[in-house]
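A short write-up of the structure that comes next.
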Amino acid sequence: MTWTFTDDVDAFLDAAGASLAARPAENSLLLTVTATLRDSGPQAYGAEPPVLGWWRGADGEVAGALVHTPPFPPILGTASPEAIAALPDALPLPGINADREAATLLAARWPRHRVDEEHRLYRLGTSVPPSPGPAGAPRTATTDDRALLVGWIRAFGEETGRSGDRAERIVDERTAHGGLTLWETRGEPVSMAGVSRGIAGTVRVVTVYTPPEHRRRGYAAAVTAEVGRAARESGAGEVLLFTDLANPTSNGVYRRIGYEPVGDRLLITAEPE
C-alpha cells in the first residue's frame, strides 16, 4: 500500500486512468488537467514539472489519485481513507483541492490553514431552458472572435481571482473543438459559456461570463442551458459544472435550469507557523 509519483502523464494514465474514468464526475478535474498535459505538454500550466500520483491498496487496485501542476494547488480525486491518511507523509502539500471530507481531514494535519474557496459540483438532470428566455440566440464562437474572447476570459480571471496568463491558449484550444458559445442579441455578443472536451463520457461547463453592462438579463442562464443541451445532443452522458458557493445567484440560476448538486470541494492553503 503506497503512493507512487511521476512527472510522466502517460505513465500516470496507464496506472490510474481506468480508476479515474470509473467515476468521471468526481474525477472531472483530474481528467481534464491530465488531458491538457497530454495534449499540450508538461509545461501547460507553468514552468515547473507536474507531479502525478496514485495509491494502490492491499488488493493492488488503484484507490486514489492526485495531480499537482505548480503554481496551482494539488488536486485530489476520489481516494480511499487509507490513501488520504498516507498522503501528507508521502508528499509535502502546500494546500489541497479536494472533496469536503478529504480536504477537512488533510487540513487537520496542518497547524494553520485557511479555506480559500468552496465549490459545489453539479450535474445536469432534466434540462429546463429559462422561461421566459432573453432576447437573442446562441452561436458557436470562431477564431474571428478571438480578441473578444481573450478579453472576456481575462476579465473572468480578474473577477474570480485566477490568472489570465493562459487566456490565449484557452481560447485557441476551445475554439478548435467548438467549445465556446456566445449569446448574441441584435448582432452583439453579450455572454459566453465554454465546455471542456468530452472525456470518459462527460463534459464540464466552464468560464460562464457576462460583462457587467449586460448582467441581470438572463443571458448567462440562456447560454449555459444551450451548451448543456448541445453537449447532451452530441452524446455526453454527463454534463457537469462547478460553482462558487460564495455566489448564491449563480447557484440559484443553475438549479433553475436543471443542475443537481453532486458534492462540494474545498481549496485549502497550509499557512506557515
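Quick note on naming: the chains in the C-alpha cells go A, B, ... in the order shown, residues restart at 1 in each chain, and ligands are numbered from 1 in order of appearance.
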Item to check | Exercise: Arg169 of chain A partners within 10 Å, only C-alpha atoms, chain neighbours under 3 positions left out, as a list in words | outcome: Ser40, Ala44, Val150, Asp165, Arg166, Asp172, Glu173, Arg174 and Thr175 of chain A
May I have the selected residues written with N, CA and C atoms, as a PDB file, in the first residue's frame?
ATOM      1  N   SER A  40      -0.866  19.241 -24.508  1.00  0.00           N
ATOM      2  CA  SER A  40      -0.094  20.484 -24.613  1.00  0.00           C
ATOM      3  C   SER A  40       1.290  20.413 -24.000  1.00  0.00           C
ATOM      4  N   ALA A  44       2.163  22.980 -19.619  1.00  0.00           N
ATOM      5  CA  ALA A  44       0.876  23.592 -19.984  1.00  0.00           C
ATOM      6  C   ALA A  44       0.377  24.555 -18.912  1.00  0.00           C
ATOM      7  N   VAL A 150     -10.580  36.478 -25.601  1.00  0.00           N
ATOM      8  CA  VAL A 150      -9.405  36.624 -24.731  1.00  0.00           C
ATOM      9  C   VAL A 150      -9.667  37.694 -23.677  1.00  0.00           C
ATOM     10  N   ASP A 165      -3.126  34.519 -17.511  1.00  0.00           N
ATOM     11  CA  ASP A 165      -1.942  34.269 -18.341  1.00  0.00           C
ATOM     12  C   ASP A 165      -2.213  33.282 -19.473  1.00  0.00           C
ATOM     13  N   ARG A 166      -3.158  32.361 -19.264  1.00  0.00           N
ATOM     14  CA  ARG A 166      -3.417  31.315 -20.249  1.00  0.00           C
ATOM     15  C   ARG A 166      -4.614  31.638 -21.142  1.00  0.00           C
ATOM     16  N   ASP A 172      -7.790  29.459 -27.899  1.00  0.00           N
ATOM     17  CA  ASP A 172      -7.402  28.697 -29.083  1.00  0.00           C
ATOM     18  C   ASP A 172      -7.799  27.227 -28.964  1.00  0.00           C
ATOM     19  N   GLU A 173      -7.577  26.649 -27.772  1.00  0.00           N
ATOM     20  CA  GLU A 173      -7.914  25.238 -27.584  1.00  0.00           C
ATOM     21  C   GLU A 173      -9.413  25.013 -27.679  1.00  0.00           C
ATOM     22  N   ARG A 174     -10.199  25.902 -27.078  1.00  0.00           N
ATOM     23  CA  ARG A 174     -11.643  25.672 -27.039  1.00  0.00           C
ATOM     24  C   ARG A 174     -12.320  25.991 -28.369  1.00  0.00           C
ATOM     25  N   THR A 175     -11.862  27.031 -29.053  1.00  0.00           N
ATOM     26  CA  THR A 175     -12.477  27.296 -30.352  1.00  0.00           C
ATOM     27  C   THR A 175     -12.117  26.196 -31.346  1.00  0.00           C
TER      28      THR A 175
END
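Ranking A:Gly125, A:Gly46, A:Pro132, A:Gly151 by their shortest atom-to-atom distance to Arg232 of chain A, with only C-alpha atoms included, puts A:Gly125 first.
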Item to check | Ala102 of chain A surroundings by only C-alpha atoms, 10 Å radius, close-in-sequence under 2 positions cut, as a PyMOL selection string | outcome: chain A and resi 76-81+84-85+96-100+104-107+265-266
Item to check | Surrounding residues of Val208 of chain A excluding itself and chain neighbours under 3 positions, 12 Å, only C-alpha atoms, as an MDAnalysis selection string | outcome: chainID A and resid 149 152:153 155:157 159:160 179:183 190:195 204:205 211 215 219:228 241:243 250 253:254
Checklist outcome for this item: Judged by only C-alpha atoms, the minimum distance to Gly187 of chain A among A:Gly41, A:Pro138, A:Gly17, A:Pro129 is found for A:Pro138
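Atom to atom, atom CA of Gly64 of chain A and atom CA of Gly198 of chain A stand 22.2 Å apart.
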Item to check | Test item: residues at most 10 Å from Ile75 of chain A, only C-alpha atoms, excluding those fewer than 3 positions along its chain, as an NGL selection string | outcome: :A and (27 or 29-30 or 33 or 52 or 65-69 or 72 or 95-99 or 267)
Item to check | Straight-line distance linking atom CA of Asp39 of chain A with atom CA of Ala15 of chain A, stated in Å to one decimal | outcome: 18.1 Å
Going by DSSP on the backbone, which residues of segment 20-125 of chain A come out as strand (DSSP E)? List them as a PDB file with N, CA and C atoms, in the first residue's frame.
ATOM      1  N   VAL A  51       3.424  16.968 -10.872  1.00  0.00           N
ATOM      2  CA  VAL A  51       3.558  15.792 -10.013  1.00  0.00           C
ATOM      3  C   VAL A  51       2.238  15.043 -10.083  1.00  0.00           C
ATOM      4  N   LEU A  52       2.303  13.790 -10.511  1.00  0.00           N
ATOM      5  CA  LEU A  52       1.107  12.979 -10.671  1.00  0.00           C
ATOM      6  C   LEU A  52       1.272  11.715  -9.837  1.00  0.00           C
ATOM      7  N   GLY A  53       0.286  11.401  -9.024  1.00  0.00           N
ATOM      8  CA  GLY A  53       0.438  10.273  -8.118  1.00  0.00           C
ATOM      9  C   GLY A  53      -0.789   9.392  -8.039  1.00  0.00           C
ATOM     10  N   TRP A  54      -0.554   8.134  -7.700  1.00  0.00           N
ATOM     11  CA  TRP A  54      -1.655   7.199  -7.485  1.00  0.00           C
ATOM     12  C   TRP A  54      -1.335   6.289  -6.303  1.00  0.00           C
ATOM     13  N   TRP A  55      -2.389   5.828  -5.665  1.00  0.00           N
ATOM     14  CA  TRP A  55      -2.292   4.964  -4.488  1.00  0.00           C
ATOM     15  C   TRP A  55      -2.853   3.601  -4.838  1.00  0.00           C
ATOM     16  N   ARG A  56      -2.105   2.556  -4.481  1.00  0.00           N
ATOM     17  CA  ARG A  56      -2.617   1.187  -4.635  1.00  0.00           C
ATOM     18  C   ARG A  56      -2.877   0.611  -3.255  1.00  0.00           C
ATOM     19  N   VAL A  62      -5.892   0.567  -7.849  1.00  0.00           N
ATOM     20  CA  VAL A  62      -5.717   1.991  -7.607  1.00  0.00           C
ATOM     21  C   VAL A  62      -6.930   2.521  -6.855  1.00  0.00           C
ATOM     22  N   ALA A  63      -6.673   3.170  -5.724  1.00  0.00           N
ATOM     23  CA  ALA A  63      -7.758   3.663  -4.875  1.00  0.00           C
ATOM     24  C   ALA A  63      -7.510   5.110  -4.454  1.00  0.00           C
ATOM     25  N   GLY A  64      -6.845   5.862  -5.316  1.00  0.00           N
ATOM     26  CA  GLY A  64      -6.602   7.275  -5.040  1.00  0.00           C
ATOM     27  C   GLY A  64      -5.703   7.862  -6.111  1.00  0.00           C
ATOM     28  N   ALA A  65      -5.917   9.136  -6.439  1.00  0.00           N
ATOM     29  CA  ALA A  65      -5.090   9.789  -7.447  1.00  0.00           C
ATOM     30  C   ALA A  65      -5.002  11.273  -7.148  1.00  0.00           C
ATOM     31  N   LEU A  66      -3.852  11.848  -7.522  1.00  0.00           N
ATOM     32  CA  LEU A  66      -3.579  13.267  -7.266  1.00  0.00           C
ATOM     33  C   LEU A  66      -2.796  13.838  -8.434  1.00  0.00           C
ATOM     34  N   VAL A  67      -3.087  15.103  -8.760  1.00  0.00           N
ATOM     35  CA  VAL A  67      -2.336  15.831  -9.784  1.00  0.00           C
ATOM     36  C   VAL A  67      -1.969  17.191  -9.228  1.00  0.00           C
ATOM     37  N   HIS A  68      -0.678  17.538  -9.339  1.00  0.00           N
ATOM     38  CA  HIS A  68      -0.207  18.850  -8.886  1.00  0.00           C
ATOM     39  C   HIS A  68       0.510  19.528 -10.046  1.00  0.00           C
ATOM     40  N   ILE A  75      -4.562  18.683  -6.716  1.00  0.00           N
ATOM     41  CA  ILE A  75      -5.957  18.276  -6.861  1.00  0.00           C
ATOM     42  C   ILE A  75      -6.048  16.796  -6.518  1.00  0.00           C
ATOM     43  N   LEU A  76      -6.847  16.478  -5.528  1.00  0.00           N
ATOM     44  CA  LEU A  76      -7.050  15.087  -5.131  1.00  0.00           C
ATOM     45  C   LEU A  76      -8.363  14.589  -5.715  1.00  0.00           C
ATOM     46  N   GLY A  77      -8.302  13.448  -6.391  1.00  0.00           N
ATOM     47  CA  GLY A  77      -9.516  12.829  -6.904  1.00  0.00           C
ATOM     48  C   GLY A  77     -10.134  11.910  -5.872  1.00  0.00           C
ATOM     49  N   THR A  78     -10.943  10.982  -6.315  1.00  0.00           N
ATOM     50  CA  THR A  78     -11.507  10.019  -5.378  1.00  0.00           C
ATOM     51  C   THR A  78     -10.370   9.242  -4.731  1.00  0.00           C
ATOM     52  N   ALA A  79     -10.462   9.022  -3.438  1.00  0.00           N
ATOM     53  CA  ALA A  79      -9.381   8.366  -2.701  1.00  0.00           C
ATOM     54  C   ALA A  79      -9.948   7.660  -1.483  1.00  0.00           C
ATOM     55  N   GLY A  95      -1.077  22.838   0.067  1.00  0.00           N
ATOM     56  CA  GLY A  95      -2.512  23.045   0.189  1.00  0.00           C
ATOM     57  C   GLY A  95      -3.185  21.891  -0.528  1.00  0.00           C
ATOM     58  N   ILE A  96      -4.495  21.984  -0.711  1.00  0.00           N
ATOM     59  CA  ILE A  96      -5.198  20.880  -1.369  1.00  0.00           C
ATOM     60  C   ILE A  96      -6.508  21.382  -1.975  1.00  0.00           C
ATOM     61  N   ASN A  97      -6.850  20.807  -3.099  1.00  0.00           N
ATOM     62  CA  ASN A  97      -8.171  20.971  -3.708  1.00  0.00           C
ATOM     63  C   ASN A  97      -8.793  19.580  -3.700  1.00  0.00           C
ATOM     64  N   ALA A  98      -9.782  19.376  -2.847  1.00  0.00           N
ATOM     65  CA  ALA A  98     -10.332  18.030  -2.658  1.00  0.00           C
ATOM     66  C   ALA A  98     -11.778  18.121  -2.222  1.00  0.00           C
ATOM     67  N   ASP A  99     -12.469  16.978  -2.240  1.00  0.00           N
ATOM     68  CA  ASP A  99     -13.836  16.980  -1.733  1.00  0.00           C
ATOM     69  C   ASP A  99     -13.823  17.368  -0.257  1.00  0.00           C
ATOM     70  N   HIS A 113      -4.116  26.891   8.673  1.00  0.00           N
ATOM     71  CA  HIS A 113      -4.549  26.821   7.279  1.00  0.00           C
ATOM     72  C   HIS A 113      -5.710  27.780   7.083  1.00  0.00           C
ATOM     73  N   ARG A 114      -5.987  28.038   5.826  1.00  0.00           N
ATOM     74  CA  ARG A 114      -7.141  28.878   5.502  1.00  0.00           C
ATOM     75  C   ARG A 114      -7.919  28.234   4.361  1.00  0.00           C
ATOM     76  N   VAL A 115      -9.218  28.414   4.379  1.00  0.00           N
ATOM     77  CA  VAL A 115     -10.086  27.932   3.302  1.00  0.00           C
ATOM     78  C   VAL A 115     -10.234  29.075   2.303  1.00  0.00           C
ATOM     79  N   ASP A 116      -9.681  28.893   1.119  1.00  0.00           N
ATOM     80  CA  ASP A 116      -9.701  29.946   0.107  1.00  0.00           C
ATOM     81  C   ASP A 116     -10.975  29.935  -0.732  1.00  0.00           C
ATOM     82  N   GLU A 117     -11.474  28.752  -1.046  1.00  0.00           N
ATOM     83  CA  GLU A 117     -12.657  28.661  -1.903  1.00  0.00           C
ATOM     84  C   GLU A 117     -13.468  27.421  -1.529  1.00  0.00           C
ATOM     85  N   GLU A 118     -14.770  27.537  -1.715  1.00  0.00           N
ATOM     86  CA  GLU A 118     -15.680  26.393  -1.573  1.00  0.00           C
ATOM     87  C   GLU A 118     -16.520  26.311  -2.842  1.00  0.00           C
ATOM     88  N   HIS A 119     -16.428  25.174  -3.513  1.00  0.00           N
ATOM     89  CA  HIS A 119     -17.144  24.996  -4.774  1.00  0.00           C
ATOM     90  C   HIS A 119     -18.136  23.846  -4.658  1.00  0.00           C
ATOM     91  N   ARG A 120     -19.204  23.952  -5.413  1.00  0.00           N
ATOM     92  CA  ARG A 120     -20.174  22.847  -5.484  1.00  0.00           C
ATOM     93  C   ARG A 120     -20.176  22.276  -6.897  1.00  0.00           C
ATOM     94  N   LEU A 121     -20.080  20.959  -6.998  1.00  0.00           N
ATOM     95  CA  LEU A 121     -20.161  20.277  -8.278  1.00  0.00           C
ATOM     96  C   LEU A 121     -21.618  19.931  -8.557  1.00  0.00           C
ATOM     97  N   TYR A 122     -22.076  20.288  -9.759  1.00  0.00           N
ATOM     98  CA  TYR A 122     -23.426  19.970 -10.207  1.00  0.00           C
ATOM     99  C   TYR A 122     -23.356  19.088 -11.444  1.00  0.00           C
ATOM    100  N   ARG A 123     -24.388  18.278 -11.631  1.00  0.00           N
ATOM    101  CA  ARG A 123     -24.586  17.564 -12.894  1.00  0.00           C
ATOM    102  C   ARG A 123     -25.959  17.918 -13.450  1.00  0.00           C
ATOM    103  N   LEU A 124     -26.050  17.962 -14.774  1.00  0.00           N
ATOM    104  CA  LEU A 124     -27.311  18.306 -15.411  1.00  0.00           C
ATOM    105  C   LEU A 124     -28.280  17.143 -15.312  1.00  0.00           C
TER     106      LEU A 124
END
Item to check | Contact residues around Pro111 of chain A with only C-alpha atoms at 10 Å, ignoring same-chain residues under 3 positions, as a ChimeraX atom specification | outcome: /A:107-108,270-273
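Proximity of A:Glu26, A:Ala86, A:Val239, A:Tyr259 to Gly57 of chain A, computed with only C-alpha atoms, is greatest for A:Ala86.
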